[in-house]
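The structure appears below as structure tokens.
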Amino acid sequence: MPKFAASTVVDQMKDLVLKISEEEIFHNFKIISHKRKHDGSPVTAVDTAVQVALQEALPKILDAPVLGEEMPEDEQAALWELRESGLWCVDPIDGTTNFVNGIPYFSISIAYFKGGEPVVGMVVNPMTQEIFSAELGAGAWLGAQRLSDKLPRHSELRDCVASADFKRLPEVLKSRLVTYPPYASQRNFGSACLEWCHVASGLFDVYVHGNQKVWDFAAGALILSESGGVMETFQKGPFWDDGSLSRPIIAARDPAIFKAWAKYIREAL
């Protein structure tokens with residue numbers, strides 16, 4: 001564990017996110033204009049304002065640089081190399097399309113890396129006031145409720161609800177999921193950070209995504225693993241041994257269901 005009081009850090013992160021939500025999010029919800037980035041995804045002035053606020057405030061909580069979605073790729077790559085010694089990683093608004101269209105499913109995500117993996121993470125939906133948090137080795141929480149206390153609802157993959165973002169999946173896997181889905185139903189709500197948390201809390205049972213950036217999964221992956229869940233990339237191996245800034249995701253709350261889910265996906269690739 002890191003040499004700091006993680007619970008105190010989490011409390012300060014919570015206060016910071018709620019303050020930023022009050023100052024930047026609420027009065028701009030569904031009325032803000034947006035532009036398109038080079039990859040076609042939307043970005044607003046609020047994305048930038050939230051990231052600036054986080055960059056200014058987080059080093060006062062723990063003195064470390066901040067890697068954020070809304071910065072040049074070369075700067076992101078350089079900062080990512082600091083994850084062993086201490087690094088904040090943030091997504092100022094994950095689900096910007098939902099934010100600008102008035103859909104209350106988006107989030108602010110913050111993780112602190114030490115030793116190459118996240119040791120503290122938080123994902124907040126400002127509109128619903130859901131606050132997910134986790135500390136390495138100390139559990140994951142939705143507000144005051146410990147997520148590992150919530151038992152999985154299903155014991156077989158065929159009964160599960162999946163979160164799947166089809167547009168980023170390999171065509172062969174996408175085709176198989178559409179034609180021969182191994183689960184009962186599928187959803188995709190448009191905020192990867194929240195989707196991780198909703199696997200951890202049991203709204204979804206299994207998760208697949210073809211390519212996520214580190215700010216999409218840093219906090220959520222810690223929250224899921226601390227709730228008892230399992231995640232890997234499409235290739236087997238410890239998740240945090242993959243040092244890339246982006247990677248495909250396979251995840252599930254229940255380890256037995258994960259085994260069947262990962263087998264299905266890998267056989268399709």
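Each chain of the structure tokens is named A, B, ... in the order shown, its residues numbered from 1; ligands are numbered from 1 in display order.
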
Mind the document's chain letters and residue numbers, and return as an NGL selection string the residues of region 49-267 of chain A that DSSP labels strand (DSSP E).
:A and (66-68 or 87-94 or 107-114 or 117-125 or 130-135 or 139-142 or 145-146 or 161-165 or 185-187 or 206-213 or 230-232 or 246-252)

Can you tell me, as an NGL selection string, what residues are no more than 12 Å from Ser244 (chain A) when counting only C-alpha atoms, ignoring any on the same chain fewer than 3 positions away?
:A and (76-77 or 80-81 or 83 or 116 or 211-215 or 233 or 239-241 or 247-248)

Go ahead and write the selection's residues with C-alpha atoms as an mmCIF file, in the first residue's frame.
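Written file, result.cif:
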data_model
loop_
_atom_site.group_PDB
_atom_site.id
_atom_site.type_symbol
_atom_site.label_atom_id
_atom_site.label_comp_id
_atom_site.auth_asym_id
_atom_site.auth_seq_id
_atom_site.Cartn_x
_atom_site.Cartn_y
_atom_site.Cartn_z
ATOM 1 C CA GLN A 76 0.013 11.793 -22.277
ATOM 2 C CA ALA A 77 2.646 9.239 -23.318
ATOM 3 C CA TRP A 80 2.230 7.655 -18.420
ATOM 4 C CA GLU A 81 5.878 6.691 -17.870
ATOM 5 C CA ARG A 83 2.999 5.670 -13.111
ATOM 6 C CA GLY A 116 2.480 0.866 -11.860
ATOM 7 C CA ASN A 211 -10.221 -0.379 -27.099
ATOM 8 C CA GLN A 212 -10.191 1.819 -24.016
ATOM 9 C CA LYS A 213 -7.740 4.504 -22.958
ATOM 10 C CA VAL A 214 -6.222 4.413 -19.492
ATOM 11 C CA TRP A 215 -8.399 7.284 -18.239
ATOM 12 C CA THR A 233 -7.178 -7.878 -21.993
ATOM 13 C CA PHE A 239 -4.073 -6.745 -16.369
ATOM 14 C CA TRP A 240 -1.567 -4.180 -15.123
ATOM 15 C CA ASP A 241 1.386 -5.970 -16.709
ATOM 16 C CA ARG A 247 -6.194 -1.888 -24.510
ATOM 17 C CA PRO A 248 -9.216 -4.145 -25.137
#

Distance query region 91-98 of chain A at most 6 Å, only C-alpha atoms, self and fewer than 4 positions along chain excluded, as an MDAnalysis selection string:
chainID A and resid 47 50:51 68:69 103 106:109 190:191 215

Suppose we keep C-alpha atoms; can you now write the selection as a tab-separated table (two decimals), in the first residue's frame?
chain	number	residue	atom	x	y	z
A	47	ASP	CA	-14.32	19.07	-20.44
A	50	VAL	CA	-12.96	20.33	-15.36
A	51	GLN	CA	-9.55	18.99	-16.39
A	68	GLY	CA	-5.81	13.77	-18.55
A	69	GLU	CA	-7.82	12.93	-21.64
A	103	ILE	CA	-28.67	12.18	-20.87
A	106	PHE	CA	-21.72	10.54	-17.59
A	107	SER	CA	-18.98	10.77	-15.02
A	108	ILE	CA	-15.81	12.29	-13.64
A	109	SER	CA	-13.10	9.69	-13.07
A	190	GLY	CA	-22.06	5.61	-23.23
A	191	SER	CA	-19.78	6.15	-20.23
A	215	TRP	CA	-8.40	7.28	-18.24

What's the 8 Å shell around region 249-257 of chain A, counting only C-alpha atoms, without same-chain residues fewer than 3 positions away, as a list in words?
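Using only C-alpha atoms, the neighbours found are Pro152, Ser155, Glu156, Leu157, Val199, Ala200, Gly202, Asp205, Val206, Tyr207, Val208, His209, Gly210, Asn211, Gln212, Leu224, Ser227, Gly228, Gly229, Val230, Met231, Glu232, Thr233, Phe234, Ala260, Trp261 and Ala262 of chain A.
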
Region 7-13 of chain A environment, 8 Å, only C-alpha atoms, sequence neighbours closer than 4 positions dropped, as a PyMOL selection string
chain A and resi 17+58+61-62+120-122+133+135

Which of these residues is nearest to Val46 (chain A), using only C-alpha atoms: A:Ile223, A:Ile25, A:Ile131, A:Cys193?
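Closest residue, counting only C-alpha atoms: A:Ile25.
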
Write out as a PyMOL selection string all residues of region 33-105 of chain A that DSSP puts in helix (DSSP H, G or I) for this structure's backbone.
chain A and resi 45-61+73-80+96-100

Kindly export the residues of the current selection with N, CA and C atoms, as a CSV table (one decimal), in the first residue's frame.
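The resulting file, result_15.csv, is shown below:
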chain,number,residue,atom,x,y,z
A,45,ALA,N,-16.2,23.0,-23.7
A,45,ALA,CA,-15.4,23.9,-22.9
A,45,ALA,C,-15.5,23.3,-21.4
A,46,VAL,N,-16.5,22.6,-21.1
A,46,VAL,CA,-16.6,22.1,-19.7
A,46,VAL,C,-15.6,20.9,-19.5
A,47,ASP,N,-15.4,20.1,-20.5
A,47,ASP,CA,-14.3,19.1,-20.4
A,47,ASP,C,-13.0,19.7,-20.1
A,48,THR,N,-12.7,20.8,-20.8
A,48,THR,CA,-11.4,21.5,-20.5
A,48,THR,C,-11.4,22.1,-19.2
A,49,ALA,N,-12.5,22.8,-18.8
A,49,ALA,CA,-12.5,23.5,-17.5
A,49,ALA,C,-12.4,22.5,-16.3
A,50,VAL,N,-13.0,21.3,-16.4
A,50,VAL,CA,-13.0,20.3,-15.4
A,50,VAL,C,-11.5,19.8,-15.3
A,51,GLN,N,-10.9,19.5,-16.4
A,51,GLN,CA,-9.6,19.0,-16.4
A,51,GLN,C,-8.6,20.0,-15.8
A,52,VAL,N,-8.7,21.3,-16.1
A,52,VAL,CA,-7.9,22.3,-15.6
A,52,VAL,C,-8.0,22.4,-14.0
A,53,ALA,N,-9.3,22.3,-13.6
A,53,ALA,CA,-9.6,22.3,-12.1
A,53,ALA,C,-8.9,21.1,-11.4
A,54,LEU,N,-9.0,20.0,-12.1
A,54,LEU,CA,-8.4,18.8,-11.5
A,54,LEU,C,-6.8,18.9,-11.5
A,55,GLN,N,-6.3,19.4,-12.6
A,55,GLN,CA,-4.8,19.6,-12.6
A,55,GLN,C,-4.3,20.5,-11.6
A,56,GLU,N,-5.1,21.5,-11.3
A,56,GLU,CA,-4.7,22.5,-10.2
A,56,GLU,C,-4.8,21.9,-8.8
A,57,ALA,N,-5.9,21.1,-8.6
A,57,ALA,CA,-6.2,20.7,-7.2
A,57,ALA,C,-5.6,19.4,-6.8
A,58,LEU,N,-5.5,18.4,-7.7
A,58,LEU,CA,-5.1,17.1,-7.3
A,58,LEU,C,-3.6,17.1,-6.7
A,59,PRO,N,-2.7,17.8,-7.3
A,59,PRO,CA,-1.3,17.8,-6.8
A,59,PRO,C,-1.3,18.4,-5.4
A,60,LYS,N,-2.3,19.1,-4.9
A,60,LYS,CA,-2.3,19.6,-3.5
A,60,LYS,C,-2.8,18.5,-2.6
A,61,ILE,N,-3.4,17.5,-3.1
A,61,ILE,CA,-3.8,16.3,-2.3
A,61,ILE,C,-2.7,15.3,-2.2
A,73,GLU,N,-1.3,14.0,-27.2
A,73,GLU,CA,-0.9,12.6,-27.1
A,73,GLU,C,0.5,12.4,-26.6
A,74,ASP,N,1.4,13.2,-27.1
A,74,ASP,CA,2.8,13.1,-26.7
A,74,ASP,C,3.0,13.4,-25.2
A,75,GLU,N,2.2,14.4,-24.7
A,75,GLU,CA,2.3,14.7,-23.3
A,75,GLU,C,1.7,13.5,-22.5
A,76,GLN,N,0.6,12.9,-23.0
A,76,GLN,CA,0.0,11.8,-22.3
A,76,GLN,C,1.0,10.6,-22.2
A,77,ALA,N,1.7,10.3,-23.3
A,77,ALA,CA,2.6,9.2,-23.3
A,77,ALA,C,3.8,9.5,-22.3
A,78,ALA,N,4.3,10.7,-22.3
A,78,ALA,CA,5.4,11.0,-21.4
A,78,ALA,C,5.0,10.9,-19.9
A,79,LEU,N,3.8,11.4,-19.6
A,79,LEU,CA,3.3,11.3,-18.2
A,79,LEU,C,3.0,9.9,-17.8
A,80,TRP,N,2.5,9.0,-18.7
A,80,TRP,CA,2.2,7.7,-18.4
A,80,TRP,C,3.5,6.9,-17.9
A,96,THR,N,-19.3,12.5,-22.9
A,96,THR,CA,-19.6,13.8,-23.3
A,96,THR,C,-20.8,13.9,-24.2
A,97,THR,N,-21.0,12.9,-25.1
A,97,THR,CA,-22.2,12.9,-25.9
A,97,THR,C,-23.4,12.9,-25.1
A,98,ASN,N,-23.5,12.1,-24.0
A,98,ASN,CA,-24.6,12.1,-23.1
A,98,ASN,C,-24.8,13.4,-22.4
A,99,PHE,N,-23.7,14.0,-22.0
A,99,PHE,CA,-23.7,15.3,-21.3
A,99,PHE,C,-24.3,16.4,-22.2
A,100,VAL,N,-23.9,16.5,-23.4
A,100,VAL,CA,-24.4,17.6,-24.3
A,100,VAL,C,-25.8,17.3,-24.8

For each of A:Leu269, A:Val119, A:Asn28, A:Val124, take the minimum atom-to-atom distance to Ser175 (chain A), counting only C-alpha atoms, then give the residue where this is smallest.
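Residue with the minimum atom-to-atom distance to Ser175 (chain A): A:Leu269.
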
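For the atom pair formed by CA of Leu147 (chain A) and CA of Glu226 (chain A), the distance is 8.3 Å, given to one decimal.
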
Atom pair CA of Glu23 (chain A) + CA of Leu222 (chain A), distance 27.6 Å
